[in-house]
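Peer 1: Supplied structure: start16.pdb, PDB, C-alpha atoms and all ligand atoms.
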ATOM      1  CA  MET A   1      40.944  24.856  50.176
ATOM      2  CA  HIS A   2      37.548  26.171  49.092
ATOM      3  CA  ARG A   3      36.872  26.528  45.395
ATOM      4  CA  PRO A   4      33.873  27.520  43.269
ATOM      5  CA  ASN A   5      31.422  25.077  41.786
ATOM      6  CA  ILE A   6      32.993  24.362  38.387
ATOM      7  CA  ILE A   7      31.042  23.512  35.241
ATOM      8  CA  ILE A   8      32.658  22.705  31.901
ATOM      9  CA  ASN A   9      30.412  23.684  29.008
ATOM     10  CA  SER A  10      31.308  22.623  25.503
ATOM     11  CA  ALA A  11      29.918  21.865  22.084
ATOM     12  CA  MET A  12      31.248  18.910  20.147
ATOM     13  CA  SER A  13      30.570  17.127  16.892
ATOM     14  CA  ALA A  14      28.913  13.711  16.828
ATOM     15  CA  ASP A  15      32.441  12.259  16.621
ATOM     16  CA  GLY A  16      33.618  14.064  19.760
ATOM     17  CA  LYS A  17      35.646  16.956  18.284
ATOM     18  CA  ILE A  18      35.360  20.491  19.615
ATOM     19  CA  SER A  19      36.919  22.112  16.542
ATOM     20  CA  SER A  20      38.353  21.177  13.172
ATOM     21  CA  VAL A  21      41.704  19.537  12.558
ATOM     22  CA  GLU A  22      43.024  23.014  11.576
ATOM     23  CA  ARG A  23      41.856  24.153  15.059
ATOM     24  CA  ARG A  24      39.372  26.479  13.399
ATOM     25  CA  GLN A  25      36.251  27.403  15.282
ATOM     26  CA  VAL A  26      33.259  25.582  13.848
ATOM     27  CA  ARG A  27      29.653  26.478  14.517
ATOM     28  CA  ILE A  28      28.408  23.335  16.236
ATOM     29  CA  SER A  29      25.513  24.758  18.274
ATOM     30  CA  GLY A  30      22.178  25.918  16.936
ATOM     31  CA  ARG A  31      20.216  28.953  18.138
ATOM     32  CA  GLU A  32      18.605  27.279  21.108
ATOM     33  CA  ASP A  33      21.927  26.007  22.420
ATOM     34  CA  LEU A  34      23.640  29.377  21.921
ATOM     35  CA  ALA A  35      20.863  30.977  23.985
ATOM     36  CA  ARG A  36      21.345  28.328  26.680
ATOM     37  CA  VAL A  37      25.100  29.036  26.775
ATOM     38  CA  ASP A  38      24.411  32.762  27.088
ATOM     39  CA  ARG A  39      22.069  32.049  30.028
ATOM     40  CA  LEU A  40      24.648  29.809  31.694
ATOM     41  CA  ARG A  41      27.225  32.610  31.369
ATOM     42  CA  ALA A  42      24.723  35.053  32.832
ATOM     43  CA  GLU A  43      24.162  32.749  35.806
ATOM     44  CA  SER A  44      27.908  32.376  36.449
ATOM     45  CA  ASP A  45      30.199  34.574  38.514
ATOM     46  CA  ALA A  46      33.131  33.941  36.176
ATOM     47  CA  VAL A  47      33.867  32.349  32.807
ATOM     48  CA  MET A  48      37.286  30.802  32.118
ATOM     49  CA  VAL A  49      39.200  29.633  29.031
ATOM     50  CA  GLY A  50      42.757  28.563  28.286
ATOM     51  CA  VAL A  51      45.012  30.806  26.211
ATOM     52  CA  GLY A  52      44.826  28.218  23.389
ATOM     53  CA  THR A  53      41.171  29.145  22.910
ATOM     54  CA  VAL A  54      41.993  32.862  22.996
ATOM     55  CA  LEU A  55      44.636  32.353  20.295
ATOM     56  CA  ALA A  56      42.392  30.126  18.156
ATOM     57  CA  ASP A  57      38.976  31.779  18.497
ATOM     58  CA  ASP A  58      39.461  35.220  20.090
ATOM     59  CA  PRO A  59      36.237  34.880  22.128
ATOM     60  CA  GLY A  60      34.712  37.891  23.895
ATOM     61  CA  LEU A  61      33.195  35.710  26.653
ATOM     62  CA  ARG A  62      30.545  38.281  27.517
ATOM     63  CA  VAL A  63      26.827  37.783  28.076
ATOM     64  CA  LYS A  64      25.217  38.851  24.813
ATOM     65  CA  SER A  65      21.528  39.198  25.644
ATOM     66  CA  SER A  66      20.744  42.664  27.017
ATOM     67  CA  HIS A  67      17.804  41.096  28.869
ATOM     68  CA  LEU A  68      20.186  38.754  30.718
ATOM     69  CA  VAL A  69      22.569  41.630  31.454
ATOM     70  CA  GLN A  70      19.648  43.572  32.966
ATOM     71  CA  GLU A  71      18.652  40.518  34.994
ATOM     72  CA  ARG A  72      22.173  40.435  36.480
ATOM     73  CA  THR A  73      22.032  44.138  37.299
ATOM     74  CA  ARG A  74      18.634  43.678  38.989
ATOM     75  CA  LYS A  75      20.186  41.008  41.212
ATOM     76  CA  GLY A  76      22.889  43.503  42.199
ATOM     77  CA  TRP A  77      25.595  41.534  40.322
ATOM     78  CA  GLN A  78      28.286  42.948  38.045
ATOM     79  CA  GLN A  79      26.857  43.446  34.542
ATOM     80  CA  GLN A  80      29.167  40.762  33.206
ATOM     81  CA  PRO A  81      30.799  37.721  34.816
ATOM     82  CA  LEU A  82      34.542  37.982  35.423
ATOM     83  CA  ARG A  83      36.489  36.709  32.399
ATOM     84  CA  VAL A  84      39.483  34.544  33.312
ATOM     85  CA  VAL A  85      42.277  33.290  31.034
ATOM     86  CA  ALA A  86      44.761  30.591  32.104
ATOM     87  CA  ASP A  87      47.895  31.838  30.367
ATOM     88  CA  SER A  88      51.171  30.774  32.024
ATOM     89  CA  SER A  89      53.527  32.844  29.891
ATOM     90  CA  ALA A  90      51.247  35.810  29.116
ATOM     91  CA  ARG A  91      50.674  34.927  25.454
ATOM     92  CA  THR A  92      47.269  36.631  25.285
ATOM     93  CA  PRO A  93      47.680  39.072  22.376
ATOM     94  CA  PRO A  94      47.138  42.769  23.078
ATOM     95  CA  GLY A  95      43.701  43.756  21.821
ATOM     96  CA  ALA A  96      42.229  40.248  22.292
ATOM     97  CA  LYS A  97      38.455  40.528  22.713
ATOM     98  CA  VAL A  98      38.529  38.905  26.132
ATOM     99  CA  LEU A  99      40.665  41.746  27.534
ATOM    100  CA  GLY A 100      39.381  44.944  29.103
ATOM    101  CA  GLU A 101      37.575  45.824  32.310
ATOM    102  CA  GLY A 102      36.497  42.659  34.131
ATOM    103  CA  CYS A 103      39.234  40.418  32.701
ATOM    104  CA  LEU A 104      41.718  38.523  34.836
ATOM    105  CA  VAL A 105      44.691  36.795  33.204
ATOM    106  CA  ALA A 106      46.275  34.106  35.369
ATOM    107  CA  VAL A 107      49.999  33.690  34.680
ATOM    108  CA  SER A 108      52.828  31.713  36.261
ATOM    109  CA  ALA A 109      56.114  32.935  37.716
ATOM    110  CA  CYS A 110      57.818  32.386  34.346
ATOM    111  CA  ALA A 111      55.736  34.952  32.417
ATOM    112  CA  PRO A 112      58.160  37.449  30.793
ATOM    113  CA  ALA A 113      58.084  40.897  32.418
ATOM    114  CA  GLU A 114      57.689  42.841  29.163
ATOM    115  CA  ARG A 115      54.600  40.836  28.107
ATOM    116  CA  LEU A 116      53.157  41.308  31.575
ATOM    117  CA  ALA A 117      53.693  45.050  31.461
ATOM    118  CA  ARG A 118      51.836  45.246  28.144
ATOM    119  CA  LEU A 119      48.979  43.022  29.285
ATOM    120  CA  ARG A 120      48.586  44.903  32.546
ATOM    121  CA  GLU A 121      47.327  47.901  30.557
ATOM    122  CA  GLU A 122      44.320  45.853  29.442
ATOM    123  CA  CYS A 123      43.490  43.516  32.341
ATOM    124  CA  GLU A 124      44.197  42.436  35.872
ATOM    125  CA  ILE A 125      46.965  39.878  36.359
ATOM    126  CA  ILE A 126      47.159  37.149  38.974
ATOM    127  CA  ARG A 127      50.242  34.983  39.476
ATOM    128  CA  CYS A 128      49.609  31.313  40.375
ATOM    129  CA  GLY A 129      52.191  28.562  40.001
ATOM    130  CA  GLN A 130      55.816  28.331  38.948
ATOM    131  CA  GLU A 131      55.881  27.065  35.354
ATOM    132  CA  ARG A 132      52.232  26.540  34.558
ATOM    133  CA  VAL A 133      49.172  28.160  36.049
ATOM    134  CA  ASP A 134      48.376  26.208  39.222
ATOM    135  CA  LEU A 135      44.643  25.640  38.771
ATOM    136  CA  ARG A 136      44.039  24.639  42.383
ATOM    137  CA  GLU A 137      45.611  27.882  43.552
ATOM    138  CA  LEU A 138      43.759  29.884  40.903
ATOM    139  CA  THR A 139      40.325  28.440  41.709
ATOM    140  CA  GLY A 140      41.045  28.975  45.423
ATOM    141  CA  ALA A 141      41.912  32.614  44.717
ATOM    142  CA  LEU A 142      38.725  33.006  42.665
ATOM    143  CA  TYR A 143      36.706  31.668  45.590
ATOM    144  CA  GLU A 144      38.413  34.187  47.878
ATOM    145  CA  ARG A 145      37.217  36.996  45.634
ATOM    146  CA  GLY A 146      33.618  35.793  45.791
ATOM    147  CA  ILE A 147      33.401  33.537  42.737
ATOM    148  CA  ARG A 148      31.036  30.696  43.612
ATOM    149  CA  ARG A 149      30.082  29.458  40.139
ATOM    150  CA  LEU A 150      32.774  29.154  37.494
ATOM    151  CA  MET A 151      31.860  28.217  33.934
ATOM    152  CA  VAL A 152      34.729  26.793  31.881
ATOM    153  CA  GLU A 153      34.497  27.165  28.106
ATOM    154  CA  GLY A 154      37.491  25.053  27.066
ATOM    155  CA  GLY A 155      39.518  24.129  25.329
ATOM    156  CA  GLY A 156      40.508  20.494  25.576
ATOM    157  CA  SER A 157      43.848  21.091  27.357
ATOM    158  CA  LEU A 158      42.382  23.243  30.115
ATOM    159  CA  ASN A 159      39.468  20.789  30.507
ATOM    160  CA  TRP A 160      41.965  17.943  30.877
ATOM    161  CA  SER A 161      44.018  19.700  33.567
ATOM    162  CA  LEU A 162      40.943  20.653  35.573
ATOM    163  CA  LEU A 163      39.565  17.101  35.399
ATOM    164  CA  GLN A 164      42.928  15.581  36.235
ATOM    165  CA  GLU A 165      43.110  17.772  39.325
ATOM    166  CA  GLY A 166      39.587  16.721  40.361
ATOM    167  CA  LEU A 167      38.336  20.297  40.087
ATOM    168  CA  VAL A 168      35.237  19.752  37.923
ATOM    169  CA  ASP A 169      31.718  19.236  39.294
ATOM    170  CA  GLU A 170      29.625  19.096  36.137
ATOM    171  CA  ILE A 171      30.089  18.791  32.375
ATOM    172  CA  TYR A 172      27.481  20.067  29.928
ATOM    173  CA  VAL A 173      28.033  18.948  26.354
ATOM    174  CA  TYR A 174      25.991  19.872  23.357
ATOM    175  CA  ILE A 175      26.464  17.226  20.645
ATOM    176  CA  GLY A 176      25.805  18.741  17.245
ATOM    177  CA  ALA A 177      24.629  17.012  14.094
ATOM    178  CA  LEU A 178      27.892  17.070  12.164
ATOM    179  CA  LEU A 179      31.182  15.217  11.875
ATOM    180  CA  LEU A 180      34.575  16.922  12.016
ATOM    181  CA  GLY A 181      36.979  13.986  11.925
ATOM    182  CA  GLY A 182      40.757  14.090  12.223
ATOM    183  CA  LYS A 183      42.742  12.245  14.865
ATOM    184  CA  ASP A 184      44.493  15.489  15.830
ATOM    185  CA  ALA A 185      41.370  17.637  16.066
ATOM    186  CA  PRO A 186      40.803  18.934  19.627
ATOM    187  CA  THR A 187      38.385  16.897  21.715
ATOM    188  CA  LEU A 188      36.438  17.664  24.879
ATOM    189  CA  VAL A 189      39.284  16.353  27.026
ATOM    190  CA  ASP A 190      42.796  16.266  25.543
ATOM    191  CA  GLY A 191      46.043  16.209  27.543
ATOM    192  CA  SER A 192      47.918  12.926  27.959
ATOM    193  CA  GLY A 193      44.816  10.891  28.824
ATOM    194  CA  PHE A 194      43.792   8.929  31.895
ATOM    195  CA  ARG A 195      45.512   5.572  32.338
ATOM    196  CA  GLY A 196      43.185   3.312  34.232
ATOM    197  CA  ASP A 197      41.931   5.871  36.736
ATOM    198  CA  TYR A 198      39.065   6.964  34.491
ATOM    199  CA  PRO A 199      36.784   9.475  36.216
ATOM    200  CA  GLY A 200      33.167   8.308  36.239
ATOM    201  CA  LEU A 201      30.199  10.461  35.266
ATOM    202  CA  LYS A 202      26.561  10.385  36.342
ATOM    203  CA  LEU A 203      23.997  11.495  33.783
ATOM    204  CA  ILE A 204      21.864  14.368  35.092
ATOM    205  CA  SER A 205      19.772  14.928  31.960
ATOM    206  CA  SER A 206      19.597  14.446  28.207
ATOM    207  CA  GLU A 207      17.565  16.783  26.097
ATOM    208  CA  PRO A 208      17.065  17.044  22.333
ATOM    209  CA  MET A 209      18.066  20.563  21.271
ATOM    210  CA  ASP A 210      18.221  22.140  17.819
ATOM    211  CA  GLU A 211      19.362  19.270  15.576
ATOM    212  CA  GLY A 212      21.463  17.672  18.326
ATOM    213  CA  VAL A 213      21.315  16.753  21.984
ATOM    214  CA  LEU A 214      22.405  18.346  25.246
ATOM    215  CA  LEU A 215      23.868  16.039  27.880
ATOM    216  CA  ARG A 216      24.469  17.156  31.443
ATOM    217  CA  TRP A 217      26.809  15.027  33.529
ATOM    218  CA  ARG A 218      27.932  15.161  37.149
ATOM    219  CA  VAL A 219      31.556  14.143  37.658
ATOM    220  CA  ALA A 220      31.415  11.197  40.019
ATOM    221  CA  GLY A 221      35.167  11.215  40.583
ATOM    222  CA  ILE A 222      38.038   8.804  40.233
ATOM    223  CA  PRO A 223      37.106   5.322  41.559
TER     224      PRO A 223
HETATM  225  P1  LIG A 301      43.020  25.650  25.733
HETATM  226  O1  LIG A 301      42.666  24.448  26.521
HETATM  227  O2  LIG A 301      42.010  26.714  25.556
HETATM  228  O3  LIG A 301      44.306  26.347  26.342
HETATM  229  C1  LIG A 301      45.425  25.552  26.621
HETATM  230  C2  LIG A 301      46.538  26.423  27.097
HETATM  231  O4  LIG A 301      46.196  26.986  28.353
HETATM  232  C3  LIG A 301      47.784  25.645  27.300
HETATM  233  O5  LIG A 301      48.492  25.466  26.088
HETATM  234  C4  LIG A 301      48.499  26.489  28.299
HETATM  235  O6  LIG A 301      49.324  27.411  27.623
HETATM  236  C5  LIG A 301      47.390  27.252  29.040
HETATM  237  N1  LIG A 301      47.353  26.767  30.414
HETATM  238  C6  LIG A 301      47.760  27.480  31.494
HETATM  239  N2  LIG A 301      47.697  26.737  32.574
HETATM  240  C7  LIG A 301      47.259  25.526  32.192
HETATM  241  C8  LIG A 301      47.034  24.340  32.905
HETATM  242  N3  LIG A 301      47.232  24.234  34.212
HETATM  243  N4  LIG A 301      46.615  23.274  32.210
HETATM  244  C9  LIG A 301      46.398  23.351  30.876
HETATM  245  N5  LIG A 301      46.605  24.453  30.153
HETATM  246  C10 LIG A 301      47.038  25.543  30.816
HETATM  247  O7  LIG A 301      43.562  25.272  24.276
HETATM  248  P2  LIG A 301      43.464  23.998  23.339
HETATM  249  O8  LIG A 301      43.501  22.709  24.088
HETATM  250  O9  LIG A 301      44.450  24.230  22.266
HETATM  251  O10 LIG A 301      42.010  24.122  22.740
HETATM  252  C11 LIG A 301      41.737  25.133  21.809
HETATM  253  C12 LIG A 301      40.802  24.552  20.757
HETATM  254  O11 LIG A 301      39.566  24.237  21.382
HETATM  255  C13 LIG A 301      40.522  25.538  19.645
HETATM  256  O12 LIG A 301      40.582  24.851  18.417
HETATM  257  C14 LIG A 301      39.107  26.001  19.930
HETATM  258  O13 LIG A 301      38.395  26.303  18.753
HETATM  259  C15 LIG A 301      38.518  24.801  20.627
HETATM  260  N6  LIG A 301      37.401  25.151  21.537
HETATM  261  C16 LIG A 301      36.180  24.605  21.293
HETATM  262  C17 LIG A 301      35.120  24.868  22.159
HETATM  263  C18 LIG A 301      33.772  24.247  21.942
HETATM  264  O14 LIG A 301      32.909  24.311  22.823
HETATM  265  N7  LIG A 301      33.505  23.647  20.809
HETATM  266  C19 LIG A 301      35.326  25.690  23.275
HETATM  267  C20 LIG A 301      36.607  26.224  23.474
HETATM  268  C21 LIG A 301      37.638  25.927  22.601
HETATM  269  P3  LIG A 301      50.558  28.017  28.456
HETATM  270  O15 LIG A 301      51.362  26.829  28.921
HETATM  271  O16 LIG A 301      51.229  28.931  27.516
HETATM  272  O17 LIG A 301      49.911  28.707  29.582
END
Could you quickly redo this structure as structure tokens?

Peer 2:
Amino acid sequence: MHRPNIIINSAMSADGKISSVERRQVRISGREDLARVDRLRAESDAVMVGVGTVLADDPGLRVKSSHLVQERTRKGWQQQPLRVVADSSARTPPGAKVLGEGCLVAVSACAPAERLARLREECEIIRCGQERVDLRELTGALYERGIRRLMVEGGGSLNWSLLQEGLVDEIYVYIGALLLGGKDAPTLVDGSGFRGDYPGLKLISSEPMDEGVLLRWRVAGIP
């Protein structure tokens, strides 16, 4: 099945955490990196997060720079990339910033009807998978609706599932100049962990940025 080109973009501390042990959003990126992330969003057809990130951070996931929005319009694209939430049981709270025109919430067959009815007032719903969102099916459906470049903005559980399914092409990680600590703090890739079949990465570039460094990796696949 065809799928979009999929890039995970994340910011982590020097000790590999993407948020604090209380799962609070921490400002890891500096100005230059935030501008880079905004540009990457603007160059993407869709931006996706897991519902854990919606519940923890309530991100808007929109392109912020009006200049970049204009650039999209000039190219004949939608003003904003499609915003996608992987949310098996429709836990996205009403009024979440991600919702509204241009938001697609992917649920599974087990999502309760009353939550779906409420969510449907604020977004489009797509059903993929029985218990959990089937990411292969979802990315295939996104391709069918013209999504060719999908930017994934976490969190660690969604990143894990996508990597485990072999659905990720590139990983961009900004490593900030701070430590967050905590063995239970979310990391770039959480889940149950690879056991021997560790996917390899190929370094595309490394670039000092703000007080940290940006690494771009290509996923070389499971050996
Ligand atoms: P997450 O990865 O955003 O979302 C995980 C949830 O997505 C799951 O609990 C699951 O809930 C849903 N989901 C649906 N289908 C799935 C599938 N096939 N595989 C995996 N998950 C699926 O949440 P998280 O791991 O808790 O991470 C959130 C943390 O990451 C927050 O602390 C946030 O601040 C941090 N974060 C940091 C960055 C950064 O760049 N620094 C970026 C994003 C997030 P259901 O089973 O209910 O569907």

Peer 1: Suppose a student applies the PyMOL selection byres (((chain A and resi 37) around 12) and not hetatm) to this structure; what residues should they get, written as a PyMOL selection string?

Peer 2: chain A and resi 7-11+29-36+38-44+47+61-65+68+151-153+172-174+214

Peer 1: Need the axis-aligned box for ligand LIG 301 (chain A) with 5 Å each side, so what are the centre and edges in Å to one decimal, as lines of an AutoDock Vina configuration file?

Peer 2:
center_x = 42.1
center_y = 25.8
center_z = 26.3
size_x = 28.5
size_y = 16.2
size_z = 25.8

Peer 1: Apply the PyMOL selection byres (((not hetatm)) within 6 of (chain A and resi 301)) to the displayed file and report the matching residues as a PyMOL selection string.

Peer 2: chain A and resi 10-12+18-19+23-25+49-53+56-57+86-89+132-135+153-158+161+186

Peer 1: Applying the PyMOL selection byres (((chain A and resi 113-128) around 10) and not hetatm) to the file I just gave you, which residues come out? Please list them as a PyMOL selection string.

Peer 2: chain A and resi 83-96+98-112+129-139+141

Peer 1: I need the residue nearest A:Val21 from this list: A:Lys75, A:Arg149, A:Arg3, A:Lys183. Use all atoms listed in the file for the distance.

Peer 2: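 The closest residue to A:Val21 is A:Lys183.
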
Peer 1: I need the residue nearest A:Val219 from this list: A:Ile175, A:Leu167, A:Ala46, A:Ala185. Use all atoms listed in the file for the distance.

Peer 2: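 Smallest distance to A:Val219 is found for A:Leu167.
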
Peer 1: Could you tell me how far atom CA of A:Ala177 sits from atom CA of A:Ile204, in Å to one decimal place?

Peer 2: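 It comes out at 21.3 Å.
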
Peer 1: If you measure from atom CA of A:Asn159 to atom CA of A:Trp77, what distance in Å do you get, rounded to one decimal?

Peer 2: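 It comes out at 26.8 Å.
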
Peer 1: Select, from A:Pro59, A:Pro199, A:Gly140, A:Pro208, the residue with the minimum atom-to-atom distance to A:Glu170, counting all atoms listed in the file.

Peer 2: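 Comparing A:Pro59, A:Pro199, A:Gly140, A:Pro208 against A:Glu170, the winner is A:Pro199.
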
Peer 1: Just the number, please: distance in Å from atom CA of A:Leu201 to atom CA of A:Gly166, one decimal.

Peer 2: 12.4 Å

Peer 1: Since the input is missing atoms, can you rebuild N, CA and C atoms for stretch 3-22 of chain A and write them as a compact mmCIF listing (two decimals), in the frame of the given file?

Peer 2:
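Output below, filename rebuild-v9.txt:
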# COMPACT_ATOMS: atom_id res chain seq x y z
N ARG A 3 36.84 26.13 46.81
CA ARG A 3 36.87 26.53 45.40
C ARG A 3 35.43 26.70 44.93
N PRO A 4 35.24 27.37 43.78
CA PRO A 4 33.87 27.52 43.27
C PRO A 4 33.33 26.19 42.76
N ASN A 5 32.05 26.16 42.53
CA ASN A 5 31.42 25.08 41.79
C ASN A 5 31.87 25.26 40.33
N ILE A 6 32.40 24.21 39.72
CA ILE A 6 32.99 24.36 38.39
C ILE A 6 32.25 23.51 37.36
N ILE A 7 31.79 24.19 36.31
CA ILE A 7 31.04 23.51 35.24
C ILE A 7 31.81 23.70 33.93
N ILE A 8 32.12 22.61 33.26
CA ILE A 8 32.66 22.70 31.90
C ILE A 8 31.47 22.70 30.95
N ASN A 9 31.43 23.68 30.05
CA ASN A 9 30.41 23.68 29.01
C ASN A 9 31.11 23.64 27.66
N SER A 10 30.65 22.75 26.80
CA SER A 10 31.31 22.62 25.50
C SER A 10 30.32 22.16 24.45
N ALA A 11 30.69 22.42 23.20
CA ALA A 11 29.92 21.86 22.08
C ALA A 11 30.85 20.98 21.30
N MET A 12 30.39 19.79 20.95
CA MET A 12 31.25 18.91 20.15
C MET A 12 30.46 18.28 19.01
N SER A 13 31.20 17.80 18.02
CA SER A 13 30.57 17.13 16.89
C SER A 13 30.13 15.73 17.34
N ALA A 14 29.38 15.06 16.48
CA ALA A 14 28.91 13.71 16.83
C ALA A 14 30.09 12.76 17.01
N ASP A 15 31.25 13.10 16.43
CA ASP A 15 32.44 12.26 16.62
C ASP A 15 33.39 12.83 17.68
N GLY A 16 32.87 13.69 18.56
CA GLY A 16 33.62 14.06 19.76
C GLY A 16 34.69 15.13 19.60
N LYS A 17 34.64 15.90 18.50
CA LYS A 17 35.65 16.96 18.28
C LYS A 17 35.05 18.32 18.64
N ILE A 18 35.87 19.16 19.25
CA ILE A 18 35.36 20.49 19.61
C ILE A 18 35.77 21.57 18.61
N SER A 19 36.67 21.22 17.68
CA SER A 19 36.92 22.11 16.54
C SER A 19 37.56 21.27 15.43
N SER A 20 37.85 21.93 14.33
CA SER A 20 38.35 21.18 13.17
C SER A 20 39.82 20.80 13.38
N VAL A 21 40.31 19.97 12.48
CA VAL A 21 41.70 19.54 12.56
C VAL A 21 42.66 20.73 12.37
N GLU A 22 42.18 21.79 11.70
CA GLU A 22 43.02 23.01 11.58
C GLU A 22 42.86 23.90 12.80
